[in-house]
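**Q** What follows is a single structure, and I will ask about it in a moment.
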Amino acid sequence: MVDKVNFIWFDGEFVPWDEAKVHVLTHTLHYGAGVFEGIRSYKCSDGTSAVFRLNEHVRRLFDSAKILNIKIPYTEQEICDAIIDTLKKNNLPEGYIRPLVFIGDGAMGVHPSTNPIRVIIAVWPWGAYLGEEALEKGIRVKTSSFTRHHVNVMMTKAKICGNYVNSVLAKMEAVSNGYDEALMLDVDGYVAEASGENLFIVRDSKIKTSPLGPVLPGLTRDCIITIAKDMGYEVTEQRFTRDELYIADEAFFSGTAAELTPIREVDGRIIGAGHRGPITKLFQQEFFKIVRGENLKYAGWLTHYEI
């Protein structure tokens, strides 16, 4: 359950949480034509708080809207400012941030006509997406019977609301069968990503991740690629198959919600030693130093604020 805070930013105004409502004929509710972002803020070691890669997330929100041919009625800077204001208004030093752009009520039918474009920003406290224990021990994963979108079926570079029905089906299937997360393949049978995370494998200290294409360009994915290369690791963006994942020394998911979550088992095969591996642990440690402001080399990834 989401922990309620006091206010949601709604079309430029702060609205009490329980009053942030829309009409049941809201177009996006029926047809899925909306875009969103998942962003995190963290408490920093110096006593401030910081949003991780705020500008990049907001840029991706606008990119997603452009792909969907939606005109957001605010500038990128206005949305960045509103996110910080929403965190401050709710006295939230650390938590999850969800901007959502959607088409309001008016005309029905597939074409939204001149229906208004609405924007909300919600924030709430949120710990580890897949559980605190999972960050150390890892999770169990099952290959989904649902295939990831083809690049000409859905726009895979955008975080479009309707795209995530694919993820919902995969995640429900995995959980109903006793697993923590779903592994999704592309239309050619190569490993793509999870229901809401990118995937990395480690073999002989070399790092590999699926190329973009059907895969969402995750900002945490980009962070891992950057810090891994900066630490001297070889990183390849290349297609790979399930059996290559099975014999990896280590594997982990990355994402704003998942952060860096190790994978201990896939389809009944134990990955590596069956728990978080040393390279995954190293990347976790470095990632959390960065988001807490302890590595000034990456200070540009943080937007600080004070409650």
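Lettering and numbering for the structure tokens are positional, with chains as A, B, ... in the shown order, residues counted from 1 in each chain, and ligands counted from 1 in the shown order.
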Neighbouring residues of segment 88-101 of chain A were defined as those with any atom within 7 Å, considering only C-alpha atoms; residues of the same chain fewer than 3 positions away were excluded. Please report them as a list in words.
**A** Val5, Asn6, Phe7, Gly34, Val35, Phe36, Glu37, Gly38, Ile39, Arg40, Ser41, Tyr42, Lys43, Ser49, Ile84, Asp85, Ile117, Arg118, Val119, Ile120, Ile121, Ala122, Val123, Trp124, Pro125, Trp126 and Ile307 of chain A
**Q** Hey, what's within 9 Å of Ala299 of chain A if we count only C-alpha atoms and toss same-chain stuff fewer than 6 positions away? As a list in words, please?
**A**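 Using only C-alpha atoms, the neighbours found are Ile290, Val291 and Gly293 of chain A.
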**Q** Please provide as an MDAnalysis selection string all residues within 6 Å of segment 233-246 of chain A, with the sequence filter that same-chain residues fewer than 2 positions apart are discarded (counting only C-alpha atoms).
**A** chainID A and resid 190:191 206:211 228:229 231 248
**Q** Convert the current residue selection to file output with N, CA, C and O atoms, as a PDB file, in the first residue's frame.
**A**
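Below is the file that was written, result-v4.pdb:
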ATOM      1  N   TYR A 190      15.412 -13.261 -27.536  1.00  0.00           N
ATOM      2  CA  TYR A 190      16.546 -12.814 -26.739  1.00  0.00           C
ATOM      3  C   TYR A 190      16.067 -12.105 -25.474  1.00  0.00           C
ATOM      4  O   TYR A 190      14.955 -11.556 -25.434  1.00  0.00           O
ATOM      5  N   VAL A 191      16.904 -12.107 -24.448  1.00  0.00           N
ATOM      6  CA  VAL A 191      16.552 -11.461 -23.186  1.00  0.00           C
ATOM      7  C   VAL A 191      16.381  -9.964 -23.406  1.00  0.00           C
ATOM      8  O   VAL A 191      17.258  -9.311 -24.000  1.00  0.00           O
ATOM      9  N   LYS A 206      33.236  -9.534 -16.813  1.00  0.00           N
ATOM     10  CA  LYS A 206      32.770  -8.686 -17.907  1.00  0.00           C
ATOM     11  C   LYS A 206      31.259  -8.494 -17.793  1.00  0.00           C
ATOM     12  O   LYS A 206      30.540  -9.444 -17.461  1.00  0.00           O
ATOM     13  N   ILE A 207      30.815  -7.286 -18.073  1.00  0.00           N
ATOM     14  CA  ILE A 207      29.415  -6.925 -17.871  1.00  0.00           C
ATOM     15  C   ILE A 207      28.706  -6.870 -19.222  1.00  0.00           C
ATOM     16  O   ILE A 207      29.262  -6.349 -20.198  1.00  0.00           O
ATOM     17  N   LYS A 208      27.498  -7.407 -19.247  1.00  0.00           N
ATOM     18  CA  LYS A 208      26.709  -7.351 -20.475  1.00  0.00           C
ATOM     19  C   LYS A 208      25.273  -6.958 -20.122  1.00  0.00           C
ATOM     20  O   LYS A 208      24.735  -7.382 -19.096  1.00  0.00           O
ATOM     21  N   THR A 209      24.672  -6.148 -20.983  1.00  0.00           N
ATOM     22  CA  THR A 209      23.265  -5.784 -20.818  1.00  0.00           C
ATOM     23  C   THR A 209      22.619  -5.735 -22.187  1.00  0.00           C
ATOM     24  O   THR A 209      23.297  -5.526 -23.207  1.00  0.00           O
ATOM     25  N   SER A 210      21.316  -5.948 -22.217  1.00  0.00           N
ATOM     26  CA  SER A 210      20.588  -5.945 -23.486  1.00  0.00           C
ATOM     27  C   SER A 210      20.653  -4.563 -24.128  1.00  0.00           C
ATOM     28  O   SER A 210      20.580  -3.544 -23.438  1.00  0.00           O
ATOM     29  N   PRO A 211      20.794  -4.495 -25.466  1.00  0.00           N
ATOM     30  CA  PRO A 211      20.801  -3.199 -26.142  1.00  0.00           C
ATOM     31  C   PRO A 211      19.421  -2.563 -26.131  1.00  0.00           C
ATOM     32  O   PRO A 211      18.422  -3.221 -25.821  1.00  0.00           O
ATOM     33  N   ALA A 228      30.463   1.495 -14.017  1.00  0.00           N
ATOM     34  CA  ALA A 228      31.218   0.266 -14.292  1.00  0.00           C
ATOM     35  C   ALA A 228      32.418   0.575 -15.188  1.00  0.00           C
ATOM     36  O   ALA A 228      33.544   0.124 -14.928  1.00  0.00           O
ATOM     37  N   LYS A 229      32.192   1.358 -16.234  1.00  0.00           N
ATOM     38  CA  LYS A 229      33.301   1.723 -17.122  1.00  0.00           C
ATOM     39  C   LYS A 229      34.334   2.572 -16.391  1.00  0.00           C
ATOM     40  O   LYS A 229      35.540   2.401 -16.576  1.00  0.00           O
ATOM     41  N   MET A 231      35.086   2.383 -13.381  1.00  0.00           N
ATOM     42  CA  MET A 231      35.833   1.515 -12.468  1.00  0.00           C
ATOM     43  C   MET A 231      36.704   0.505 -13.217  1.00  0.00           C
ATOM     44  O   MET A 231      37.349  -0.340 -12.589  1.00  0.00           O
ATOM     45  N   ALA A 248      25.597 -17.289 -16.147  1.00  0.00           N
ATOM     46  CA  ALA A 248      26.297 -16.082 -15.679  1.00  0.00           C
ATOM     47  C   ALA A 248      26.847 -16.303 -14.276  1.00  0.00           C
ATOM     48  O   ALA A 248      26.297 -17.079 -13.481  1.00  0.00           O
TER      49      ALA A 248
END
**Q** For Asn69 of chain A, which of A:Ala158, A:Thr303, A:Cys44, A:Gln285 is the closest residue, counting only C-alpha atoms?
**A**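 Of all the options, A:Ala158 lies closest to Asn69 of chain A.
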**Q** Which residues in segment 145-205 of chain A does DSSP call alpha helix (DSSP H)? List them as a PDB file with C-alpha atoms, in the first residue's frame.
**A**
ATOM      1  CA  VAL A 165      -0.300  -3.817 -19.426  1.00  0.00           C
ATOM      2  CA  ASN A 166       2.383  -6.079 -20.899  1.00  0.00           C
ATOM      3  CA  SER A 167       4.357  -5.725 -17.654  1.00  0.00           C
ATOM      4  CA  VAL A 168       1.311  -6.232 -15.434  1.00  0.00           C
ATOM      5  CA  LEU A 169       0.461  -9.512 -17.154  1.00  0.00           C
ATOM      6  CA  ALA A 170       4.037 -10.758 -16.862  1.00  0.00           C
ATOM      7  CA  LYS A 171       4.400  -9.745 -13.216  1.00  0.00           C
ATOM      8  CA  MET A 172       1.074 -11.289 -12.177  1.00  0.00           C
ATOM      9  CA  GLU A 173       1.997 -14.523 -13.933  1.00  0.00           C
ATOM     10  CA  ALA A 174       5.383 -14.688 -12.188  1.00  0.00           C
ATOM     11  CA  VAL A 175       4.028 -13.909  -8.725  1.00  0.00           C
ATOM     12  CA  SER A 176       1.111 -16.349  -9.096  1.00  0.00           C
TER      13      SER A 176
END
**Q** For Phe287 of chain A, which residue out of A:Glu250, A:Glu197, A:Asp222, A:Glu133 is the nearest one, using only C-alpha atoms?
**A**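 Counting only C-alpha atoms, the residue closest to Phe287 of chain A is A:Asp222.
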**Q** Return the single residue from A:Thr143, A:Asn55, A:Thr256, A:Ser45 that is closest to Gly127 of chain A, with distances computed using only C-alpha atoms.
**A** A:Thr256
**Q** Can you list, as a list in words, every protein, DNA or RNA residue that comes within 7 Å of Ala194 of chain A when you count only C-alpha atoms, leaving out same-chain residues fewer than 5 positions away?
**A**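 In the requested format, the answer is Ala182, Leu183 and Met184 of chain A.
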**Q** Could the residues in this selection be saved with N, CA and C atoms as a compact mmCIF listing (two decimals), in the first residue's frame?
**A**
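part_25.txt was written with the following content:
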# COMPACT_ATOMS: atom_id res chain seq x y z
N ALA A 182 9.37 -11.25 -13.28
CA ALA A 182 9.30 -11.89 -14.58
C ALA A 182 10.46 -11.45 -15.46
N LEU A 183 11.04 -12.39 -16.18
CA LEU A 183 12.02 -12.09 -17.21
C LEU A 183 11.29 -12.09 -18.55
N MET A 184 11.49 -11.04 -19.34
CA MET A 184 10.76 -10.91 -20.59
C MET A 184 11.73 -10.98 -21.77
